[in-house]
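The structure under discussion appears below in the form of structure tokens.
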Amino acid sequence: MQSKVTTLEVARCICAADEFGRKMGLHITMGDDFEAYVGITSRLPGKSPTYPSFRSDCSDLPPGKAFWIVGRDREGRVAHVQALRLDHLSNTDLAEHLGSLRAWFADPNLKVGPGSSSRCDAPTARSITGLVAYHGDIWLREDFRGRGLSTFIGHIAFGLAWANWAPDFIYVLVAGWHIEKGVVDRYGYLHCEPHGSVLHLPAHGIDDDDWLIWLTRDELLKTLLHHCGRQIPGMGFALVFKSLQSYMGAKNGRHKIEFQLG
């Protein structure tokens with residue numbers, strides 16, 4: 001399916017998601033400076049701390065390998081965050097990657113702290129290899145919940161992940177209540193297995209038993225293209241497409257992109 005989908009089509013889907021977010025009062029920016037990102041997320045009331053996987057003092061997050069998304073309300077206050085990173089797992093698999101703690105630390109021997117452990121008991125994780133995108137640190141301010149933004153959160157992430165990396169898989173790790181309440185269904189994910197990440201990091205205050213949720217590359221595209229289906233005014237689309245080209249072509253330095261539509 002990938003060969004039949006152009007970057008232009010995916011950019012149009014990103015525009016559609018961004019337009020929906022704006023109508024709901026969210027103005028989206030993205031960037032790759034994770035020191036700045038943690039500076040934002042650490043000040044958000046009610047949000048759990050950003051995990052080491054998206055902290056530049058724990059993980060290797062160079063431009064081109066990871067990016068964050070921040071949504072602000074009409075007054076400029078942060079109302080939404082999420083982040084994505086790409087891992088090259090051609091010579092290993094997701095179960096080993098999670099179990100080794102390399103999903104959270106560039107060098108687990110230096111950063112994990114005493115009493116730390118990790119394992120992945122989700123059977124399909126052994127088959128998740130190649131270019132694998134991790135989607136996490138998702139937070140939406142309470143006054144924006146219940147307004148249909150879960151689908152927006154998933155689709156803006158799916159579109160940008162494909163535009164940047166075209167990963168073989170994209171996955172997220174979530175607590176059981178996300179399954180019970182159907183949150184991951186609204187994001188657009190199709191598959192789930194329990195005990196995807198049984199993670200104990202006492203030094204970081206983490207004690208999790210999360211579900212593994214994922215999509216294949218073809219499923220990501222089908223989900224994205226099925227839901228976008230909205231024409232975007234030409235000028236706004238051109239600006240977003242130019243921003244995508246700039247982001248995908250950048251190899252050095254840090255930068256932020258603002259989506260401006262309409």
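Letters A, B, ... go to the chains of the structure tokens in the order shown; residues in each chain start at 1; ligands are counted from 1 in the same order.
Using only C-alpha atoms, the contacts of Asp121 in chain A at a cut-off of 12 Å, with sequence neighbours closer than 3 positions omitted, comprise Leu94, Ala95, Glu96, Leu98, Gly99, Ser118, Thr124, Ala125, Arg126, Glu193, Pro194, His195, Gly196, Ser197, Val198, Leu199, Asp209, Asp210, Trp211 and Leu212 of chain A.
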Can you pull out every residue from range 68-249 of chain A that DSSP, working from the backbone, puts in helix (DSSP H, G or I), and format the result as a PyMOL selection string? chain A and resi 94-99+108-111+123-127+142-144+149-165+176-180+183-187+202-204+217-228+234-249
Quick one: residues within 10 Å of Glu219 in chain A, only C-alpha atoms counted, chain neighbours fewer than 2 positions away excluded, as a PyMOL selection string? chain A and resi 1+168-170+188-190+214-217+221-225
Would you give me, as JSON, numbers by chain, the residues in range 22-56 of chain A that DSSP reads as strand (DSSP E or B)? {"A": [27, 28, 29, 30, 31]}
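For the pair CA of Pro63 in chain A and CA of Asp32 in chain A, the separation is 5.8 Å.
CA of Tyr37 in chain A to CA of Leu201 in chain A spans 21.6 Å [interatomic distance, one decimal].
Nearest residue to Leu173 in chain A, choosing from A:Arg145, A:Arg22, A:His191, A:His155 and counting only C-alpha atoms: A:His191.
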Using only C-alpha atoms, which of A:Gly136, A:Gly25, A:Pro202, A:Gly176 sits nearest Val81 in chain A? A:Gly136
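In this structure, CA of Gly130 in chain A sits 29.1 Å away from CA of Ala16 in chain A.
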Min atom-atom distance to Leu149 in chain A from the set A:Gly113, A:Gly76, A:Pro49, A:Gly21, counting only C-alpha atoms, belongs to A:Gly21
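Every protein, DNA or RNA residue with an atom at most 7 Å from range 55-61 of chain A, where only C-alpha atoms count and chain neighbours fewer than 5 positions away do not, is listed here: A:Phe34, A:Glu35, A:Val38, A:Ala66, A:Trp104, A:Phe105, A:Ala106, A:Lys111.
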Distance query Asp137 in chain A at most 12 Å, only C-alpha atoms, self and fewer than 2 positions along chain excluded, as a short mmCIF file (atom, residue, chain, number, x, y, z; two decimals) with N, CA, C and O atoms, in the first residue's frame:
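Produced file out02.cif, reproduced below:
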```
data_model
loop_
_atom_site.label_atom_id
_atom_site.label_comp_id
_atom_site.auth_asym_id
_atom_site.auth_seq_id
_atom_site.Cartn_x
_atom_site.Cartn_y
_atom_site.Cartn_z
N TYR A 37 11.06 20.43 25.73
CA TYR A 37 9.80 19.70 25.88
C TYR A 37 9.56 19.30 27.34
O TYR A 37 8.47 19.51 27.88
N VAL A 38 10.57 18.73 27.98
CA VAL A 38 10.41 18.33 29.38
C VAL A 38 10.20 19.56 30.26
O VAL A 38 9.49 19.51 31.27
N THR A 41 6.45 19.92 29.88
CA THR A 41 5.61 18.87 30.49
C THR A 41 5.74 18.83 32.01
O THR A 41 4.80 18.42 32.70
N SER A 42 6.88 19.24 32.53
CA SER A 42 7.08 19.18 33.98
C SER A 42 6.24 20.21 34.73
O SER A 42 6.09 20.12 35.95
N LYS A 47 -0.39 16.03 35.06
CA LYS A 47 0.29 15.13 34.13
C LYS A 47 1.41 14.39 34.86
O LYS A 47 2.19 14.99 35.59
N SER A 48 1.50 13.08 34.63
CA SER A 48 2.60 12.31 35.21
C SER A 48 3.91 12.73 34.55
O SER A 48 3.92 13.21 33.41
N PRO A 49 5.03 12.56 35.23
CA PRO A 49 6.32 12.97 34.66
C PRO A 49 6.61 12.26 33.34
O PRO A 49 6.24 11.10 33.14
N THR A 50 7.25 12.97 32.43
CA THR A 50 7.68 12.37 31.17
C THR A 50 8.68 11.25 31.44
O THR A 50 9.64 11.44 32.19
N TYR A 51 8.46 10.09 30.82
CA TYR A 51 9.31 8.93 31.05
C TYR A 51 10.69 9.14 30.42
O TYR A 51 10.87 9.98 29.53
N PRO A 52 11.68 8.36 30.86
CA PRO A 52 13.04 8.50 30.32
C PRO A 52 13.14 8.34 28.81
O PRO A 52 14.08 8.86 28.20
N SER A 53 12.20 7.65 28.19
CA SER A 53 12.23 7.45 26.73
C SER A 53 12.17 8.77 25.97
O SER A 53 12.61 8.84 24.82
N PHE A 54 11.62 9.82 26.60
CA PHE A 54 11.54 11.13 25.95
C PHE A 54 12.27 12.21 26.76
O PHE A 54 11.92 13.38 26.69
N ARG A 55 13.28 11.80 27.48
CA ARG A 55 14.12 12.74 28.23
C ARG A 55 15.53 12.70 27.63
O ARG A 55 16.15 11.64 27.56
N PHE A 67 10.38 13.48 17.77
CA PHE A 67 9.78 14.81 17.78
C PHE A 67 8.62 14.83 18.77
O PHE A 67 8.11 13.79 19.17
N TRP A 68 8.26 16.04 19.17
CA TRP A 68 7.13 16.21 20.07
C TRP A 68 6.07 17.09 19.43
O TRP A 68 6.34 17.83 18.48
N ILE A 69 4.87 16.99 19.98
CA ILE A 69 3.72 17.78 19.53
C ILE A 69 3.12 18.44 20.76
O ILE A 69 2.90 17.78 21.78
N VAL A 70 2.89 19.74 20.68
CA VAL A 70 2.27 20.49 21.78
C VAL A 70 1.08 21.25 21.23
O VAL A 70 1.18 21.90 20.18
N HIS A 80 -2.31 20.16 25.48
CA HIS A 80 -2.07 18.80 24.97
C HIS A 80 -0.59 18.61 24.67
O HIS A 80 0.08 19.54 24.19
N VAL A 81 -0.08 17.42 24.96
CA VAL A 81 1.27 17.04 24.54
C VAL A 81 1.27 15.57 24.13
O VAL A 81 0.45 14.77 24.59
N GLN A 82 2.20 15.22 23.26
CA GLN A 82 2.51 13.84 22.93
C GLN A 82 3.87 13.83 22.25
O GLN A 82 4.37 14.88 21.83
N ALA A 83 4.49 12.66 22.16
CA ALA A 83 5.82 12.58 21.57
C ALA A 83 5.98 11.24 20.84
O ALA A 83 5.29 10.26 21.15
N LEU A 84 6.89 11.23 19.86
CA LEU A 84 7.18 10.02 19.10
C LEU A 84 8.68 9.90 18.90
O LEU A 84 9.38 10.91 18.79
N ARG A 85 9.16 8.66 18.83
CA ARG A 85 10.56 8.39 18.53
C ARG A 85 10.66 7.16 17.65
O ARG A 85 9.74 6.32 17.64
N TYR A 134 7.67 4.60 18.44
CA TYR A 134 7.02 4.58 19.75
C TYR A 134 6.25 5.89 19.93
O TYR A 134 6.80 6.97 19.76
N HIS A 135 5.00 5.78 20.30
CA HIS A 135 4.09 6.91 20.47
C HIS A 135 3.72 6.97 21.95
O HIS A 135 3.15 6.02 22.49
N TRP A 139 -1.00 13.39 26.74
CA TRP A 139 -1.76 14.07 27.80
C TRP A 139 -2.67 15.11 27.17
O TRP A 139 -2.28 15.82 26.24
N LEU A 140 -3.91 15.17 27.68
CA LEU A 140 -4.89 16.16 27.24
C LEU A 140 -5.50 16.80 28.48
O LEU A 140 -5.95 16.09 29.39
N ILE A 153 -5.75 13.18 18.21
CA ILE A 153 -4.45 12.87 18.79
C ILE A 153 -3.78 11.74 18.01
O ILE A 153 -2.59 11.82 17.67
N ALA A 157 -0.55 12.21 15.03
CA ALA A 157 0.66 11.43 15.28
C ALA A 157 0.94 10.45 14.15
O ALA A 157 2.08 10.32 13.68
N VAL A 172 2.14 1.90 21.19
CA VAL A 172 1.99 2.70 22.39
C VAL A 172 1.82 1.74 23.56
O VAL A 172 1.33 0.62 23.38
N LEU A 173 2.25 2.15 24.73
CA LEU A 173 2.09 1.36 25.96
C LEU A 173 1.12 2.09 26.87
O LEU A 173 1.33 3.26 27.18
N VAL A 174 0.05 1.41 27.28
CA VAL A 174 -0.99 2.09 28.05
C VAL A 174 -1.44 1.25 29.23
O VAL A 174 -1.37 0.02 29.21
#
```
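If you measure from each of A:Val78, A:Ala103, A:Met30, A:Ile206 to Asp18 in chain A using only C-alpha atoms, the closest one turns out to be A:Met30.
Between Arg141 in chain A and the residues A:Cys120, A:Met24, A:Leu8, A:Ala79, the shortest atom-to-atom distance, using only C-alpha atoms, involves A:Ala79.
The list of residues with at least one atom within 9 Å of Trp162 in chain A, based on only C-alpha atoms and without residues fewer than 2 positions apart in the same chain, reads Thr7, Val10, Ala157, Phe158, Gly159, Leu160, Asn164, Trp165, Ala166, Pro167, Arg217, Leu220 and Leu221 of chain A.
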Export of prior selection with C-alpha atoms as a PDB file, in the first residue's frame:
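Written out: again33.pdb:
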```
ATOM      1  CA  THR A   7       3.523  12.401   0.745  1.00  0.00           C
ATOM      2  CA  VAL A  10      -0.514  12.165   3.870  1.00  0.00           C
ATOM      3  CA  ALA A 157       0.665  11.430  15.280  1.00  0.00           C
ATOM      4  CA  PHE A 158       0.085   8.787  12.587  1.00  0.00           C
ATOM      5  CA  GLY A 159       0.415  11.315   9.786  1.00  0.00           C
ATOM      6  CA  LEU A 160       3.613  12.878  11.087  1.00  0.00           C
ATOM      7  CA  ASN A 164       8.952  11.391   8.678  1.00  0.00           C
ATOM      8  CA  TRP A 165       9.719   7.678   8.856  1.00  0.00           C
ATOM      9  CA  ALA A 166       7.127   5.387   7.190  1.00  0.00           C
ATOM     10  CA  PRO A 167       7.703   2.923  10.068  1.00  0.00           C
ATOM     11  CA  ARG A 217       2.555   0.215   8.424  1.00  0.00           C
ATOM     12  CA  LEU A 220      -1.461   2.972   9.930  1.00  0.00           C
ATOM     13  CA  LEU A 221      -1.989   4.264   6.393  1.00  0.00           C
TER      14      LEU A 221
END
```
